[in-house]
file upload_22.cif (mmCIF, N, CA and C atoms)
data_data
loop_
_atom_site.label_atom_id
_atom_site.label_comp_id
_atom_site.auth_asym_id
_atom_site.auth_seq_id
_atom_site.Cartn_x
_atom_site.Cartn_y
_atom_site.Cartn_z
N MET A 1 46.90 -36.76 1.48
CA MET A 1 47.32 -36.15 0.24
C MET A 1 46.95 -34.67 0.26
N ALA A 2 47.91 -33.82 0.04
CA ALA A 2 47.68 -32.37 0.04
C ALA A 2 47.31 -31.90 -1.36
N VAL A 3 46.42 -30.94 -1.40
CA VAL A 3 46.02 -30.36 -2.67
C VAL A 3 46.87 -29.12 -2.91
N LYS A 4 47.44 -29.01 -4.11
CA LYS A 4 48.27 -27.86 -4.44
C LYS A 4 47.42 -26.59 -4.34
N GLY A 5 47.92 -25.61 -3.63
CA GLY A 5 47.18 -24.37 -3.44
C GLY A 5 46.11 -24.48 -2.37
N GLY A 6 46.14 -25.54 -1.60
CA GLY A 6 45.13 -25.80 -0.58
C GLY A 6 45.02 -24.69 0.46
N LYS A 7 46.16 -24.14 0.88
CA LYS A 7 46.13 -23.06 1.88
C LYS A 7 45.48 -21.81 1.30
N GLN A 8 45.79 -21.52 0.06
CA GLN A 8 45.20 -20.35 -0.59
C GLN A 8 43.69 -20.53 -0.75
N LEU A 9 43.27 -21.73 -1.13
CA LEU A 9 41.85 -22.02 -1.27
C LEU A 9 41.16 -21.92 0.08
N ALA A 10 41.78 -22.43 1.11
CA ALA A 10 41.19 -22.37 2.46
C ALA A 10 41.01 -20.92 2.90
N ARG A 11 42.01 -20.08 2.65
CA ARG A 11 41.90 -18.65 3.01
C ARG A 11 40.75 -18.00 2.25
N HIS A 12 40.66 -18.33 0.97
CA HIS A 12 39.59 -17.77 0.14
C HIS A 12 38.22 -18.20 0.68
N LEU A 13 38.07 -19.46 1.02
CA LEU A 13 36.80 -19.95 1.54
C LEU A 13 36.45 -19.32 2.88
N ILE A 14 37.44 -19.09 3.72
CA ILE A 14 37.20 -18.43 5.01
C ILE A 14 36.73 -17.00 4.78
N GLU A 15 37.38 -16.29 3.88
CA GLU A 15 36.97 -14.92 3.57
C GLU A 15 35.55 -14.88 2.99
N LEU A 16 35.25 -15.83 2.12
CA LEU A 16 33.92 -15.92 1.53
C LEU A 16 32.88 -16.19 2.61
N ALA A 17 33.18 -17.07 3.53
CA ALA A 17 32.25 -17.39 4.62
C ALA A 17 32.00 -16.16 5.49
N LYS A 18 33.04 -15.37 5.74
CA LYS A 18 32.87 -14.15 6.53
C LYS A 18 31.94 -13.17 5.82
N LYS A 19 32.11 -13.03 4.50
CA LYS A 19 31.23 -12.14 3.73
C LYS A 19 29.79 -12.60 3.81
N LEU A 20 29.58 -13.89 3.67
CA LEU A 20 28.22 -14.42 3.64
C LEU A 20 27.57 -14.42 5.01
N ASP A 21 28.37 -14.30 6.06
CA ASP A 21 27.84 -14.31 7.43
C ASP A 21 27.73 -12.88 7.98
N SER A 22 27.65 -11.90 7.09
CA SER A 22 27.65 -10.51 7.51
C SER A 22 26.29 -10.05 8.03
N GLY A 23 25.25 -10.83 7.81
CA GLY A 23 23.91 -10.43 8.25
C GLY A 23 23.13 -9.67 7.20
N GLU A 24 23.73 -9.40 6.05
CA GLU A 24 23.00 -8.71 4.99
C GLU A 24 22.10 -9.71 4.28
N VAL A 25 20.88 -9.29 4.02
CA VAL A 25 19.92 -10.16 3.34
C VAL A 25 19.24 -9.39 2.21
N LEU A 26 18.78 -10.14 1.25
CA LEU A 26 18.01 -9.59 0.14
C LEU A 26 16.56 -9.99 0.36
N ARG A 27 15.68 -9.03 0.34
CA ARG A 27 14.23 -9.28 0.40
C ARG A 27 13.64 -8.73 -0.89
N ALA A 28 12.79 -9.52 -1.52
CA ALA A 28 12.19 -9.07 -2.78
C ALA A 28 10.72 -9.45 -2.79
N GLY A 29 9.94 -8.62 -3.43
CA GLY A 29 8.50 -8.87 -3.53
C GLY A 29 7.74 -7.60 -3.24
N PHE A 30 6.79 -7.70 -2.32
CA PHE A 30 5.94 -6.57 -1.95
C PHE A 30 6.33 -6.21 -0.52
N LEU A 31 7.15 -5.21 -0.38
CA LEU A 31 7.79 -4.89 0.89
C LEU A 31 6.89 -4.07 1.80
N GLU A 32 7.24 -4.12 3.09
CA GLU A 32 6.54 -3.28 4.07
C GLU A 32 6.65 -1.83 3.62
N GLY A 33 5.59 -1.11 3.79
CA GLY A 33 5.62 0.30 3.42
C GLY A 33 5.27 0.57 1.97
N ALA A 34 5.01 -0.49 1.19
CA ALA A 34 4.60 -0.27 -0.20
C ALA A 34 3.28 0.47 -0.18
N GLN A 35 3.13 1.41 -1.07
CA GLN A 35 1.92 2.22 -1.12
C GLN A 35 0.71 1.33 -1.39
N ALA A 36 -0.36 1.59 -0.67
CA ALA A 36 -1.59 0.81 -0.80
C ALA A 36 -2.22 1.02 -2.17
N GLU A 37 -3.06 0.09 -2.53
CA GLU A 37 -3.86 0.21 -3.76
C GLU A 37 -4.73 1.46 -3.65
N PRO A 38 -5.20 1.98 -4.77
CA PRO A 38 -6.06 3.18 -4.72
C PRO A 38 -7.29 3.02 -3.82
N ASP A 39 -7.79 1.78 -3.67
CA ASP A 39 -8.95 1.56 -2.80
C ASP A 39 -8.56 1.39 -1.34
N GLY A 40 -7.27 1.53 -1.03
CA GLY A 40 -6.78 1.43 0.35
C GLY A 40 -6.28 0.06 0.76
N ALA A 41 -6.47 -0.96 -0.07
CA ALA A 41 -6.00 -2.31 0.27
C ALA A 41 -4.48 -2.36 0.19
N PRO A 42 -3.84 -2.97 1.20
CA PRO A 42 -2.39 -3.12 1.13
C PRO A 42 -1.99 -3.94 -0.10
N VAL A 43 -0.99 -3.49 -0.83
CA VAL A 43 -0.60 -4.17 -2.07
C VAL A 43 -0.15 -5.60 -1.80
N ALA A 44 0.48 -5.86 -0.66
CA ALA A 44 0.90 -7.23 -0.34
C ALA A 44 -0.31 -8.14 -0.17
N LEU A 45 -1.38 -7.62 0.38
CA LEU A 45 -2.61 -8.41 0.55
C LEU A 45 -3.24 -8.72 -0.81
N VAL A 46 -3.26 -7.76 -1.69
CA VAL A 46 -3.79 -7.95 -3.04
C VAL A 46 -2.94 -8.98 -3.78
N ALA A 47 -1.61 -8.87 -3.66
CA ALA A 47 -0.71 -9.83 -4.32
C ALA A 47 -0.93 -11.24 -3.78
N ALA A 48 -1.07 -11.38 -2.45
CA ALA A 48 -1.30 -12.70 -1.85
C ALA A 48 -2.63 -13.28 -2.30
N ALA A 49 -3.66 -12.45 -2.38
CA ALA A 49 -4.97 -12.93 -2.84
C ALA A 49 -4.89 -13.41 -4.28
N ASN A 50 -4.11 -12.74 -5.09
CA ASN A 50 -3.93 -13.19 -6.48
C ASN A 50 -3.07 -14.45 -6.54
N GLU A 51 -2.03 -14.51 -5.76
CA GLU A 51 -1.12 -15.66 -5.75
C GLU A 51 -1.84 -16.94 -5.32
N PHE A 52 -2.60 -16.86 -4.24
CA PHE A 52 -3.22 -18.06 -3.66
C PHE A 52 -4.71 -18.19 -3.95
N GLY A 53 -5.31 -17.15 -4.49
CA GLY A 53 -6.73 -17.18 -4.79
C GLY A 53 -7.57 -16.91 -3.55
N ARG A 54 -8.85 -16.71 -3.78
CA ARG A 54 -9.82 -16.54 -2.70
C ARG A 54 -11.06 -17.36 -3.07
N PRO A 55 -11.08 -18.62 -2.66
CA PRO A 55 -12.19 -19.50 -3.03
C PRO A 55 -13.55 -18.95 -2.62
N GLU A 56 -13.60 -18.26 -1.48
CA GLU A 56 -14.89 -17.73 -1.02
C GLU A 56 -15.43 -16.66 -1.96
N LYS A 57 -14.57 -16.10 -2.81
CA LYS A 57 -15.01 -15.09 -3.78
C LYS A 57 -14.89 -15.61 -5.22
N ASN A 58 -14.72 -16.92 -5.35
CA ASN A 58 -14.55 -17.55 -6.67
C ASN A 58 -13.36 -17.00 -7.44
N GLN A 59 -12.33 -16.59 -6.73
CA GLN A 59 -11.12 -16.08 -7.37
C GLN A 59 -10.08 -17.19 -7.37
N PRO A 60 -9.70 -17.67 -8.55
CA PRO A 60 -8.72 -18.77 -8.61
C PRO A 60 -7.31 -18.27 -8.31
N PRO A 61 -6.43 -19.17 -7.89
CA PRO A 61 -5.03 -18.77 -7.70
C PRO A 61 -4.37 -18.45 -9.03
N ARG A 62 -3.52 -17.45 -9.00
CA ARG A 62 -2.70 -17.08 -10.15
C ARG A 62 -1.27 -16.94 -9.65
N PRO A 63 -0.55 -18.06 -9.55
CA PRO A 63 0.73 -18.12 -8.84
C PRO A 63 1.92 -17.51 -9.60
N PHE A 64 1.89 -16.22 -9.80
CA PHE A 64 2.97 -15.52 -10.49
C PHE A 64 4.27 -15.54 -9.70
N PHE A 65 4.18 -15.42 -8.38
CA PHE A 65 5.39 -15.34 -7.55
C PHE A 65 6.08 -16.69 -7.49
N ARG A 66 5.31 -17.74 -7.22
CA ARG A 66 5.89 -19.08 -7.15
C ARG A 66 6.45 -19.50 -8.50
N GLN A 67 5.78 -19.09 -9.59
CA GLN A 67 6.30 -19.42 -10.92
C GLN A 67 7.62 -18.71 -11.18
N ALA A 68 7.74 -17.48 -10.75
CA ALA A 68 9.00 -16.74 -10.93
C ALA A 68 10.14 -17.44 -10.18
N ILE A 69 9.86 -17.88 -8.96
CA ILE A 69 10.89 -18.55 -8.16
C ILE A 69 11.28 -19.89 -8.81
N ALA A 70 10.28 -20.67 -9.20
CA ALA A 70 10.55 -21.98 -9.80
C ALA A 70 11.35 -21.85 -11.09
N ALA A 71 11.02 -20.85 -11.89
CA ALA A 71 11.68 -20.68 -13.18
C ALA A 71 13.06 -20.06 -13.08
N ASN A 72 13.32 -19.28 -12.01
CA ASN A 72 14.54 -18.47 -11.98
C ASN A 72 15.42 -18.65 -10.75
N GLY A 73 14.94 -19.35 -9.74
CA GLY A 73 15.67 -19.44 -8.48
C GLY A 73 17.11 -19.89 -8.61
N LYS A 74 17.34 -20.93 -9.37
CA LYS A 74 18.72 -21.42 -9.55
C LYS A 74 19.58 -20.39 -10.25
N ARG A 75 19.01 -19.71 -11.24
CA ARG A 75 19.77 -18.68 -11.97
C ARG A 75 20.13 -17.53 -11.04
N TRP A 76 19.18 -17.16 -10.13
CA TRP A 76 19.48 -16.09 -9.17
C TRP A 76 20.64 -16.49 -8.27
N ALA A 77 20.60 -17.71 -7.76
CA ALA A 77 21.66 -18.19 -6.86
C ALA A 77 23.00 -18.27 -7.58
N ASN A 78 22.98 -18.79 -8.80
CA ASN A 78 24.22 -18.90 -9.56
C ASN A 78 24.80 -17.53 -9.88
N GLY A 79 23.93 -16.59 -10.25
CA GLY A 79 24.39 -15.24 -10.55
C GLY A 79 24.99 -14.56 -9.34
N LEU A 80 24.36 -14.75 -8.19
CA LEU A 80 24.89 -14.18 -6.95
C LEU A 80 26.27 -14.76 -6.65
N GLY A 81 26.39 -16.08 -6.79
CA GLY A 81 27.69 -16.73 -6.55
C GLY A 81 28.76 -16.23 -7.49
N LYS A 82 28.42 -16.06 -8.76
CA LYS A 82 29.40 -15.57 -9.74
C LYS A 82 29.86 -14.15 -9.41
N GLN A 83 28.93 -13.31 -8.96
CA GLN A 83 29.30 -11.94 -8.62
C GLN A 83 30.25 -11.91 -7.43
N ILE A 84 29.94 -12.70 -6.43
CA ILE A 84 30.80 -12.74 -5.24
C ILE A 84 32.17 -13.32 -5.61
N LYS A 85 32.16 -14.39 -6.39
CA LYS A 85 33.42 -15.00 -6.82
C LYS A 85 34.24 -14.01 -7.65
N GLY A 86 33.54 -13.15 -8.40
CA GLY A 86 34.21 -12.15 -9.23
C GLY A 86 34.73 -10.95 -8.45
N GLY A 87 34.47 -10.92 -7.14
CA GLY A 87 35.03 -9.86 -6.31
C GLY A 87 34.06 -8.78 -5.90
N ALA A 88 32.80 -8.88 -6.29
CA ALA A 88 31.82 -7.87 -5.88
C ALA A 88 31.59 -7.97 -4.37
N SER A 89 31.34 -6.85 -3.75
CA SER A 89 30.98 -6.89 -2.34
C SER A 89 29.65 -7.60 -2.21
N LEU A 90 29.37 -8.13 -1.04
CA LEU A 90 28.11 -8.82 -0.83
C LEU A 90 26.95 -7.87 -1.06
N GLU A 91 27.05 -6.65 -0.57
CA GLU A 91 25.97 -5.68 -0.76
C GLU A 91 25.71 -5.41 -2.24
N LYS A 92 26.77 -5.23 -3.01
CA LYS A 92 26.63 -4.97 -4.45
C LYS A 92 26.04 -6.19 -5.14
N ALA A 93 26.52 -7.39 -4.80
CA ALA A 93 26.03 -8.61 -5.42
C ALA A 93 24.55 -8.82 -5.10
N LEU A 94 24.16 -8.56 -3.85
CA LEU A 94 22.76 -8.70 -3.47
C LEU A 94 21.89 -7.66 -4.17
N SER A 95 22.39 -6.44 -4.31
CA SER A 95 21.63 -5.39 -5.01
C SER A 95 21.42 -5.74 -6.48
N LEU A 96 22.47 -6.21 -7.13
CA LEU A 96 22.33 -6.59 -8.54
C LEU A 96 21.37 -7.77 -8.70
N THR A 97 21.46 -8.72 -7.78
CA THR A 97 20.54 -9.85 -7.81
C THR A 97 19.12 -9.38 -7.56
N GLY A 98 18.94 -8.43 -6.65
CA GLY A 98 17.62 -7.88 -6.38
C GLY A 98 16.99 -7.26 -7.61
N GLU A 99 17.78 -6.57 -8.41
CA GLU A 99 17.27 -5.98 -9.66
C GLU A 99 16.74 -7.08 -10.59
N VAL A 100 17.48 -8.17 -10.68
CA VAL A 100 17.08 -9.27 -11.55
C VAL A 100 15.82 -9.95 -11.01
N VAL A 101 15.77 -10.18 -9.70
CA VAL A 101 14.60 -10.82 -9.08
C VAL A 101 13.37 -9.96 -9.32
N ARG A 102 13.48 -8.66 -9.07
CA ARG A 102 12.34 -7.76 -9.29
C ARG A 102 11.84 -7.85 -10.73
N SER A 103 12.76 -7.78 -11.67
CA SER A 103 12.40 -7.85 -13.08
C SER A 103 11.74 -9.18 -13.43
N ASP A 104 12.25 -10.27 -12.88
CA ASP A 104 11.68 -11.58 -13.18
C ASP A 104 10.28 -11.74 -12.59
N ILE A 105 10.04 -11.20 -11.41
CA ILE A 105 8.69 -11.25 -10.82
C ILE A 105 7.74 -10.41 -11.67
N GLN A 106 8.18 -9.24 -12.09
CA GLN A 106 7.33 -8.40 -12.95
C GLN A 106 7.05 -9.10 -14.28
N ASP A 107 8.06 -9.77 -14.84
CA ASP A 107 7.84 -10.51 -16.09
C ASP A 107 6.82 -11.63 -15.89
N SER A 108 6.86 -12.27 -14.73
CA SER A 108 5.91 -13.34 -14.43
C SER A 108 4.49 -12.79 -14.34
N ILE A 109 4.35 -11.61 -13.74
CA ILE A 109 3.03 -10.96 -13.67
C ILE A 109 2.53 -10.66 -15.09
N ARG A 110 3.41 -10.09 -15.90
CA ARG A 110 3.02 -9.71 -17.27
C ARG A 110 2.67 -10.91 -18.13
N SER A 111 3.35 -12.03 -17.93
CA SER A 111 3.17 -13.17 -18.82
C SER A 111 2.05 -14.12 -18.39
N LEU A 112 1.53 -13.98 -17.19
CA LEU A 112 0.49 -14.89 -16.73
C LEU A 112 -0.81 -14.64 -17.50
N VAL A 113 -1.36 -15.69 -18.08
CA VAL A 113 -2.61 -15.56 -18.83
C VAL A 113 -3.68 -16.56 -18.37
N SER A 114 -3.29 -17.47 -17.50
CA SER A 114 -4.23 -18.50 -17.08
C SER A 114 -4.23 -18.63 -15.56
N PRO A 115 -5.36 -18.79 -14.96
CA PRO A 115 -6.68 -18.84 -15.58
C PRO A 115 -7.10 -17.45 -16.04
N PRO A 116 -7.86 -17.42 -17.14
CA PRO A 116 -8.30 -16.12 -17.67
C PRO A 116 -9.30 -15.46 -16.72
N LEU A 117 -9.51 -14.19 -16.96
CA LEU A 117 -10.49 -13.46 -16.17
C LEU A 117 -11.90 -13.98 -16.44
N SER A 118 -12.69 -13.95 -15.43
CA SER A 118 -14.11 -14.28 -15.58
C SER A 118 -14.77 -13.17 -16.40
N PRO A 119 -15.76 -13.51 -17.21
CA PRO A 119 -16.49 -12.46 -17.94
C PRO A 119 -17.15 -11.46 -16.99
N ASN A 120 -17.34 -11.86 -15.72
CA ASN A 120 -17.96 -10.97 -14.74
C ASN A 120 -16.98 -9.99 -14.12
N THR A 121 -15.68 -10.20 -14.37
CA THR A 121 -14.67 -9.31 -13.79
C THR A 121 -14.70 -7.98 -14.51
N ARG A 122 -14.82 -6.94 -13.72
CA ARG A 122 -14.83 -5.60 -14.28
C ARG A 122 -13.48 -4.97 -13.99
N LYS A 123 -12.84 -4.49 -15.01
CA LYS A 123 -11.54 -3.86 -14.85
C LYS A 123 -11.56 -2.49 -15.50
N LYS A 124 -10.79 -1.60 -14.94
CA LYS A 124 -10.68 -0.26 -15.51
C LYS A 124 -10.14 -0.32 -16.93
N SER A 125 -9.12 -1.14 -17.13
CA SER A 125 -8.46 -1.18 -18.43
C SER A 125 -9.20 -2.02 -19.45
N ALA A 126 -10.24 -2.78 -19.02
CA ALA A 126 -10.99 -3.62 -19.95
C ALA A 126 -11.65 -2.79 -21.04
N LYS A 127 -11.96 -1.54 -20.72
CA LYS A 127 -12.57 -0.66 -21.72
C LYS A 127 -11.64 -0.48 -22.93
N GLN A 128 -10.35 -0.59 -22.69
CA GLN A 128 -9.38 -0.43 -23.76
C GLN A 128 -9.01 -1.78 -24.37
N GLY A 129 -9.74 -2.83 -24.03
CA GLY A 129 -9.47 -4.14 -24.60
C GLY A 129 -8.37 -4.90 -23.89
N PHE A 130 -7.92 -4.42 -22.76
CA PHE A 130 -6.84 -5.07 -22.04
C PHE A 130 -7.44 -5.90 -20.93
N ASP A 131 -7.38 -7.21 -21.08
CA ASP A 131 -8.06 -8.07 -20.11
C ASP A 131 -7.15 -9.14 -19.52
N LYS A 132 -5.87 -8.84 -19.36
CA LYS A 132 -4.94 -9.79 -18.76
C LYS A 132 -5.17 -9.91 -17.27
N PRO A 133 -5.11 -11.13 -16.74
CA PRO A 133 -5.17 -11.29 -15.29
C PRO A 133 -3.99 -10.56 -14.65
N LEU A 134 -4.17 -10.09 -13.45
CA LEU A 134 -3.14 -9.46 -12.62
C LEU A 134 -2.80 -8.04 -13.01
N ILE A 135 -3.24 -7.58 -14.17
CA ILE A 135 -2.87 -6.21 -14.57
C ILE A 135 -4.14 -5.42 -14.83
N ASP A 136 -4.34 -4.41 -14.03
CA ASP A 136 -5.46 -3.50 -14.24
C ASP A 136 -4.89 -2.10 -14.25
N SER A 137 -4.64 -1.56 -13.07
CA SER A 137 -4.07 -0.22 -12.99
C SER A 137 -2.55 -0.23 -13.16
N GLY A 138 -1.92 -1.40 -12.97
CA GLY A 138 -0.47 -1.49 -13.01
C GLY A 138 0.18 -1.25 -11.66
N HIS A 139 -0.65 -0.95 -10.65
CA HIS A 139 -0.10 -0.63 -9.33
C HIS A 139 0.64 -1.81 -8.70
N MET A 140 0.06 -3.00 -8.75
CA MET A 140 0.73 -4.16 -8.16
C MET A 140 2.05 -4.44 -8.90
N LEU A 141 2.02 -4.38 -10.21
CA LEU A 141 3.22 -4.59 -11.02
C LEU A 141 4.31 -3.61 -10.64
N ASP A 142 3.94 -2.34 -10.50
CA ASP A 142 4.92 -1.30 -10.16
C ASP A 142 5.39 -1.38 -8.71
N SER A 143 4.66 -2.11 -7.88
CA SER A 143 5.00 -2.20 -6.46
C SER A 143 6.02 -3.29 -6.15
N VAL A 144 6.35 -4.13 -7.11
CA VAL A 144 7.38 -5.15 -6.88
C VAL A 144 8.69 -4.42 -6.62
N ASP A 145 9.37 -4.79 -5.56
CA ASP A 145 10.61 -4.10 -5.20
C ASP A 145 11.55 -5.06 -4.49
N TYR A 146 12.70 -4.57 -4.13
CA TYR A 146 13.66 -5.35 -3.35
C TYR A 146 14.39 -4.41 -2.41
N GLU A 147 15.02 -5.00 -1.41
CA GLU A 147 15.88 -4.23 -0.52
C GLU A 147 16.98 -5.13 0.00
N VAL A 148 18.12 -4.55 0.24
CA VAL A 148 19.22 -5.23 0.92
C VAL A 148 19.31 -4.58 2.27
N ARG A 149 19.24 -5.41 3.32
CA ARG A 149 19.29 -4.83 4.65
C ARG A 149 20.03 -5.75 5.61
N GLN A 150 20.39 -5.18 6.72
CA GLN A 150 21.10 -5.90 7.78
C GLN A 150 20.07 -6.54 8.71
N GLU A 151 20.23 -7.81 8.97
CA GLU A 151 19.32 -8.48 9.91
C GLU A 151 20.10 -9.12 11.03
#
call {"tool": "encode", "arguments": {"input": "upload_22.cif", "output": "C-alpha cells"}}
result
Amino acid sequence: MAVKGGKQLARHLIELAKKLDSGEVLRAGFLEGAQAEPDGAPVALVAAANEFGRPEKNQPPRPFFRQAIAANGKRWANGLGKQIKGGASLEKALSLTGEVVRSDIQDSIRSLVSPPLSPNTRKKSAKQGFDKPLIDSGHMLDSVDYEVRQE
C-alpha cells in the first residue's frame, strides 16, 4: 500500500538526515577556555565539585546541571526539531537551542536552595544577607555558555 505523498516525504526525510549528519554539534555548560575563578580554580572544576559534591570536604552534591537536563531535556529536543522542521538551518537551530539551554542551566543554579549552606561556609556575599548555595561572586553563573561547532 502506497502512502499519498510518500515520495515527497521520503525526499524531505533524506534532506533532514543530511542536515543532521553535517557534524555540527551543540555543547553547553562550562566550556574549555572559560575564565578561571578569581582564586585560579578552573570554573568547570568548581562546577563539577558543586554538582557532585566533595565528601572529603563535607561538601554535599548540589546537582543543578542534572536537574536542568531532567527538567528541560525533552523540551530542548522538541524545540530543536520544531526549528529544523520550520526551515531553520541546523546551525541556527542549534544556536537558538543553545541560548535556551544556557538560560535553563543558569535558572537551575539560581533556583537551587537545597542542601542549604553550612553555617561554617563563608561567602563574600553573605555579608549582604545573600546565602544561596552556588551563588557567591556570580562567576560560575556567568560562565555558563554554549557553542556550536563542527566535529
call {"tool": "resolve_selection", "arguments": {"input": "upload_22.cif", "expression": "the PyMOL selection byres (((chain A and resi 25 and name CA) around 6) and name CA)", "output": "compact mmCIF listing (two decimals) with N, CA and C atoms, in the coordinates of the input"}}
result
# COMPACT_ATOMS: atom_id res chain seq x y z
N GLU A 24 23.73 -9.40 6.05
CA GLU A 24 23.00 -8.71 4.99
C GLU A 24 22.10 -9.71 4.28
N LEU A 26 18.78 -10.14 1.25
CA LEU A 26 18.01 -9.59 0.14
C LEU A 26 16.56 -9.99 0.36
N VAL A 148 18.12 -4.55 0.24
CA VAL A 148 19.22 -5.23 0.92
C VAL A 148 19.31 -4.58 2.27
N ARG A 149 19.24 -5.41 3.32
CA ARG A 149 19.29 -4.83 4.65
C ARG A 149 20.03 -5.75 5.61
call {"tool": "atom_distance", "arguments": {"input": "upload_22.cif", "atom1": "atom CA of Ala71 of chain A", "atom2": "atom CA of Glu99 of chain A"}}
result
16.1 Å
call {"tool": "atom_distance", "arguments": {"input": "upload_22.cif", "atom1": "atom CA of Arg102 of chain A", "atom2": "atom CA of Phe65 of chain A"}}
result
10.4 Å
call {"tool": "closest_residue", "arguments": {"input": "upload_22.cif", "among": "A:Ala47, A:Leu141, A:Ala36, A:Ala70", "to": "Gln106 of chain A", "atoms": "all atoms listed in the file"}}
result
A:Leu141
call {"tool": "residues_around", "arguments": {"input": "upload_22.cif", "residues": "Ala34 of chain A", "least_positions_apart": "5", "cutoff": "7 Å", "atoms": "only N, CA and C atoms", "output": "list in words"}}
result
Pro42, Val43, Ala44 and Ser143 of chain A
call {"tool": "write_last_selection", "arguments": {"input": "upload_22.cif", "atoms": "N, CA and C atoms", "output": "PDB file, in the coordinates of the input"}}
result
ATOM      1  N   PRO A  42      -3.840  -2.970   1.200  1.00  0.00           N
ATOM      2  CA  PRO A  42      -2.390  -3.120   1.130  1.00  0.00           C
ATOM      3  C   PRO A  42      -1.990  -3.940  -0.100  1.00  0.00           C
ATOM      4  N   VAL A  43      -0.990  -3.490  -0.830  1.00  0.00           N
ATOM      5  CA  VAL A  43      -0.600  -4.170  -2.070  1.00  0.00           C
ATOM      6  C   VAL A  43      -0.150  -5.600  -1.800  1.00  0.00           C
ATOM      7  N   ALA A  44       0.480  -5.860  -0.660  1.00  0.00           N
ATOM      8  CA  ALA A  44       0.900  -7.230  -0.340  1.00  0.00           C
ATOM      9  C   ALA A  44      -0.310  -8.140  -0.170  1.00  0.00           C
ATOM     10  N   SER A 143       4.660  -2.110  -7.880  1.00  0.00           N
ATOM     11  CA  SER A 143       5.000  -2.200  -6.460  1.00  0.00           C
ATOM     12  C   SER A 143       6.020  -3.290  -6.150  1.00  0.00           C
TER      13      SER A 143
END
call {"tool": "atom_distance", "arguments": {"input": "upload_22.cif", "atom1": "atom CA of Gly29 of chain A", "atom2": "atom N of Lys82 of chain A"}}
result
21.8 Å
call {"tool": "closest_residue", "arguments": {"input": "upload_22.cif", "among": "A:Gly40, A:Glu51, A:His139, A:Phe30", "to": "Arg66 of chain A", "atoms": "all atoms listed in the file"}}
result
A:Glu51
call {"tool": "axis_aligned_box", "arguments": {"input": "upload_22.cif", "around": "segment 63-74 of chain A", "padding_each_side": "6 Å", "output": "JSON"}}
result
{"center_x": 9.5, "center_y": -18.7, "center_z": -10.2, "size_x": 32.1, "size_y": 18.6, "size_z": 18.0}
call {"tool": "closest_residue", "arguments": {"input": "upload_22.cif", "among": "A:Ser108, A:Ser103, A:Ser114, A:Thr97", "to": "Arg75 of chain A", "atoms": "only C-alpha atoms"}}
result
A:Thr97
call {"tool": "closest_residue", "arguments": {"input": "upload_22.cif", "among": "A:Glu56, A:Asp39, A:Glu32, A:Asp145", "to": "Val101 of chain A", "atoms": "all atoms listed in the file"}}
result
A:Asp145
